[in-house]
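> One structure coming up, written as C-alpha cells, with questions to follow.
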Amino acid sequence: MKHYYFYWFMCITSLALAQQNVTGTVTDINGTPLPGVNITEEGTSKGTATDFDGNFSITVGENATLVFSYVGYNTVSMPVDNRSTLTITMEEGVSLDEIILVGSRSPRRTATDTPVPVDVLDVSGIASTTGKVEVNDILQYAAPSFNATRQSGSDGADHIVPASLRGLGPDQTLVLINGKRRHQSSLVNIFGTRGRGNSGTDLNAIPAFAIKRIEVLRDGASAQYGSDAIAGVINIVLKDNTDGFSGGITYGAYSTAIGDGWEEATGETLYNVEGKNRLDGNDKNFDGATVKIDANYGVSLNDLGGFVNFTTEFLSRDRTLRPGFPWRKGYGSAGVDGFNFMVNADLPVNDNTVVYAFGGRNYRDTDAYAFSRDSFDDGDNRSVPSLYPNGFTPRITSNITDVSVSVGVRHQMDNGWNVDFNNTFGKNNFHYYIKGSNNASMQEASPTDFDAGGHYLSQNTTGLDFNKYIEDVASGLSLAFGFEYRTENFGIFAGEAPSYGLYDENGVIITNPEVQTVAFDSNGDDLPGGSQGFPGYSPANEVDRSRTNYGIYFDTELNASESFMVGAAVRFEDYSDFGNTFNVKLASRLKLSDDFALRGSISTGFRAPSLAQLYYNLIFNNIVAGQSVPSLLSANNSTVTKAFGIGQLNEEKAVNASIGFTFKSGNFTATVDAYSITVDDRIILTDNFTDQAVLGPLNVDAAQFFANGVDTRTSGVDIVLGYETGIGNEGNIKIGLIGNVNDLKIKDIKNGNLNEFTFFGPFSQAYLEAAAPDYKFGLNLGYTFKKFDASLSLTQFSEVELQDFQWVDSPATNQAEADALYDVATDVYKAAMVVDLSLGYQIFENAKFSIGANNLFNTYPTPQFDGWTDQGGLADSVQMGSDGTYVFGRLNFNF
C-alpha cells in the first residue's frame with residue numbers, strides 16, 4: 001500500500017513539475033508596449049492576452065511553444081525552453097494567417113487594407129464555443145448583412161435553407177472554398193420562402209469544424225470571379241493545422257414553451273399537433289434534440305510545410321414541433337441525420353512547387369412536415385378514410401448527397417510569376433421520399449410511403465491563374481490574369497408510379513388525362529392522384545441538360561503611394577446557352593492618416609440563369625388562398641411557357657457601387673460602407689396563370705414560370721466595429737458591433753402585355769422586398785479570465801411586413817383595384833431581439849466544457865395576421881425563426 005501511495009505521489013509531483021508559469025512583455029520594434037496581443041500555447045486551447053503595458057502571464061506545459069498574434073503584425077512563435085521570462089518584439093507586416101484570399105489577388109492585402117469590405121470570421125472559435133452547429137447559423141449572427149432562417153412547409157427549402165447577402169437572392173452570392181468555385185444545390189425554391197425562384201449554395205453541407213475562417217466579401221465581384229457574385233462572395237478557408245487530434249461533442253434541445261404572450265400578440269388560439277387542445281404558458285417541453293460529434297486530425301507531411309488535415313462530423317437533430325392552427329397540425333424545423341467528411345492537403349514537391357487537394361462528402365437524411373390534410377369526413381378528398389380516419393400530416397423526407405474534389409498545382413517561376421492550375425468537381429443529388437401520406441385515387445390500395453424521385457446538379461471547373469507582385473513599381477503593383485472553363489449538368493429523375501400517378505376505380509393508372517382528368521370513388525367523389533405533401537416526378541418531368549462556358553479575366557492593383565491604391569478588373573465570359581457578357585470593376589483606397597482611410601468601388605455584374613431555372617418542371621399542389629390548387633411549373637423552353645408569352649431567360653445585369661471608410665486606432669477598428677446595387681432583368685417565379693385553353697389538357701388549374709421579370713435597386717449601410725483589450729495578466733475583453741440597414745425596391749415589373757398583378761402581384765412583390773429585415777444589429781461581447789470564458793450576443797431584428805394572400809389569376813388590372821383587394825391581407829412581424837449566452841471552463845489542459853443557450857429568452861416572431869393565411873403567419877421564414885430557446889452543452893478536447 002505504501003508503494004501505491006508513493007507511486008501516485010510521484011505522478012502528481014511529475015505533473016506539477018511539468019507545468020511552469022511564464023511571464024513577459026511584448027513590444028514593437030520601437031520598444032512601445034502592445035496591449036491586447038493574443039497569446040496561445042501551440043497545440044492547446046490555452047491562451048491569454050497582454051495588458052495595457054504589454055505584460056502577460058501564462059501557465060504552460062513542458063516543451064511548450066507560445067504563439068503571439070496581433071492584427072497588423074507578423075505572428076511570432078517562441079519556444080519556452082524552460083525559461084520563466086520572455087521578451088517578445090513584434091514587427092509590423094502581414095502574416096500568412098492575415099492574408100485574405102477573396103476580393104484581392106494581391107499577396108499583400110489584409111482585411112483592413114482592402115478597397116472593399118471584407119469580414120474575416122473565426123468560425124473555428126465560434127463553432128467550438130457556441131451551440132451553433134451549422135454554417136448558416138454561425139453566419140446569421142456573425143456577418144452584418146447575411147440572413148438565413150429555417151422554416152416549415154416549403155418543400156425542399158425545409159431541407160436546404162436559402163441564405164442571402166445584402167437582401168439579394170441566394171443565387172446572387174458566389175461561394176468559394178479555398179478560393180475555388182463551389183457548386184450550387186440542385187434545389188430551386190418555389191414556395192413562399194426566401195429566395196423564391198432561386199437556387200443557392202448549400203452552406204450547411206460543409207462541416208463547420210473543418211473551417212479555419214470564413215471571408216465574406218460584401219461587394220460586387222463578377223469582374224473578378226464571374227457569375228453569381230452580384231451581392232458578394234463567401235470564401236471558406238479550410239483548416240490546415242498539423243497539431244494532432246481535436247474534437248468536440250455537443251448536445252442540445254429546443255424549448256417548446258410559448259406562453260400566453262404569443263396568443264396575445266396574434267389574437268389567435270394555438271393548438272397542439274392533434275388540433276384539439278389550446279396551448280398556454282404551462283405547455284413546456286423540449287424537442288429538436290441535437291447531437292453533434294466533431295473530429296479533426298492534422299499532420300505534417302514533410303519539412304517543406306506539407307500537411308494533410310481530416311475532419312469528420314456526425315449530426316443528428318430531431319424535428320421540432322410548434323403550435324399551429326387547427327388546419328396546420330404539423331409545423332416545425334426539419335430533422336436531420338447527417339455525416340460529413342472533409343480533407344485539405346498540401347504537398348510541396350520542392351521550394352517552388354506545391355500539389356494541393358481538398359474536398360469531401362456530405363450525406364443527410366432529412367425529415368420535415370408538409371401541410372396537414374383533414375379527414376375525408378370533414379370534406380378533404382385528399383385523405384383515404386381507411387388509412388387516416390382523422391386526417392394526416394404527410395412528411396417530406398430526403399436523402400441529400402453532396403460531393404466535391406479539387407486538385408491543383410501551385411508553382412513559382414524564376415521570373416517571379418506564380419501559376420495555379422486547378423480542376424474542381426462538385427455534385428449535389430437531392431432525392432425525395434414522402435412518408436405518412438397516401439395517393440387518394442388508389443383508395444385502400446394506396447401505399448403510405450413513396451419514392452418521389454429528385455434532381456441533381458454537377459459542375460466541373462478548370463482554371464489556370466497567374467499572378468505577380470512587383471515591389472519596385474511605385475509602392476507595389478499586383479498583376480493577375482487567368483482562364484476558366486466550366487461545364488454544368490442538371491437533371492430530374494422520376495419517382496415510382498404511385499407517387500405521381502392518377503388511378504381509375506379499377507386501380508389502373510390513367511395514361512391519357514385528356515380523356516379522364518380525375519379518379520372517382522363509388523360515391524362519385526373525385527379523388528386526386530399522386531402522393532400528398534409532395535407529388536413525385538413523372539417520366540414526363542425527366543430532364544438531362546448541360547451547358548458550357550469559358551471566361552478570361554485581368555485583375556490589377558497599384559499602390560501609387562503608401563497612402564493611395566487603385567485597382568481594376570475586367571472579365572469576359574461566353575455561355576453556350578445565352579451568349580457572352582463583359583464586366584468591369586474599379587476600386588480605390590485613400591489613407592488620410594495612419595488610422596483613417598476612405599474606400600470605394602463601382603462595378604458591373606451578371607448572373608447567368610441557372611440550369612434549374614431553365615429546365616425545372618413539376619406538376620404539384622400549390623396552397624393558394626387556403627385551397628389546394630393543381631399547378632404546373634413549366635420549363636422555360638416548353639411550348640406552354642411560350643403560349644403564355646414568357647420569353648427565353650437571359651442573364652441578370654447589375655451595377656454595384658459602394659463607398660465607405662475604415663478606422664483603426666490601437667485595439668479599436670471600425671468599417672462603415674454604404675452600397676447601392678441595381679439588378680435589371682432579375683429572374684423571378686411568376687404568380688398563377690389559369691388559361692384553360694392551354695392548361696386544360698394538362699390536368700392543372702394554374703401555371704407558373706421563370707421570367708426576367710423585374711428590375712430592382714437595393715441600398716443600405718454595413719457597420720462593423722471591434723475592440724479588444726487585456727485585463728490584468730490573464731484577462732481579455734472583446735466587443736463587437738455589427739449592423740446592416742437594407743432597403744430593396746422594385747423599380748419596374750417587366751410584364752409586357754400580361755396583367756401585372758397576375759404576372760407578379762403584391763404577394764410575390766412583398767416576398768422579394770422582404771428578403772432581409774430592414775435592419776439587423778448585433779452586439780457581441782466576449783470575456784476570458786484564466787480558465788474561464790463567456791460570450792454574450794444581442795441581435796436586434798427590425799419589423800418585417802409581408803403580403804399573405806396570393807390570387808390565382810388576379811382580378812386586379814390596375815393599382816387602385818390591387819390596393820382594394822390586397823390591403824386587408826398583410827402580415828406584420830414586430831421588431832424583436834434575440835439573446836445568446838455561452839459560458840466555458842478549461843477543466844483540464846486538453847479539455848474544455850461549455851454550456852449556454854441560443855435565444856435565451858425564447859423569442860418568437862410576433863405576427864399580426866389573418867388566421868386563414870396559407871403561407872403567412874407561422875409558415876413565414878422571418879427574423880429568428882420559430883424554434884425558440886436552444887440550450888446546449890459542449891465538450892472540446894485535443895491531444
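Every chain in the C-alpha cells takes a letter, A first, then B, and so on in the order presented; its residues are numbered from 1, and the ligands are numbered from 1 following the presented order.
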Env of stretch 464-472 of chain A: 7 Å cut, atoms = only C-alpha atoms, seq-sep filter 3 positions within chain, self excluded. Answer as a VMD selection string.

chain A and resid 106 416 to 422 475 to 484

> Name the residues in contact with A:Asp119 at a cut-off of 9 Å, using only C-alpha atoms, excluding same-chain residues fewer than 5 positions from it; report them as a list in words.

Ala111, Ala143, Pro144, Ile214, Glu215, Val216, Leu217, Arg218 and Val720 of chain A

> Between A:Val120, A:Asp402, A:Gly453, A:Pro207, single out the one closest to A:Asn136, counting only C-alpha atoms.

A:Pro207

> Determine the nearest neighbour of A:Leu768 from the options A:Val80, A:Val800, A:Val409, A:Ile746, counting only C-alpha atoms.

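The answer is A:Ile746, which sits nearest to A:Leu768.
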
> Among stretch 692-836 of chain A, which residues does DSSP mark as strand (DSSP E) when it is run on the backbone? Keep the chain and numbering as in the structure and answer as JSON, numbers by chain.

{"A": [702, 703, 704, 706, 707, 708, 709, 710, 711, 712, 713, 714, 715, 716, 717, 718, 719, 720, 721, 722, 723, 724, 725, 726, 727, 731, 732, 733, 734, 735, 736, 737, 738, 739, 740, 741, 742, 743, 744, 745, 746, 747, 748, 749, 775, 776, 777, 778, 779, 780, 781, 782, 783, 784, 785, 788, 789, 790, 791, 792, 793, 794, 795, 796, 797, 800, 801, 802, 803, 826, 827, 828, 829, 832, 833, 834, 835, 836]}

> I want to know what sits within 12 Å of A:Gly752, based on only C-alpha atoms, with residues of the same chain fewer than 2 positions away left out; could you give that as a list in words?

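Result of the neighbour search: Phe644, Gly645, Ile646, Gly647, Ala707, Asn708, Gly709, Val710, Asp748, Ile749, Lys750, Leu754, Asn755, Glu756, Thr758, Phe759 and Phe760 of chain A.
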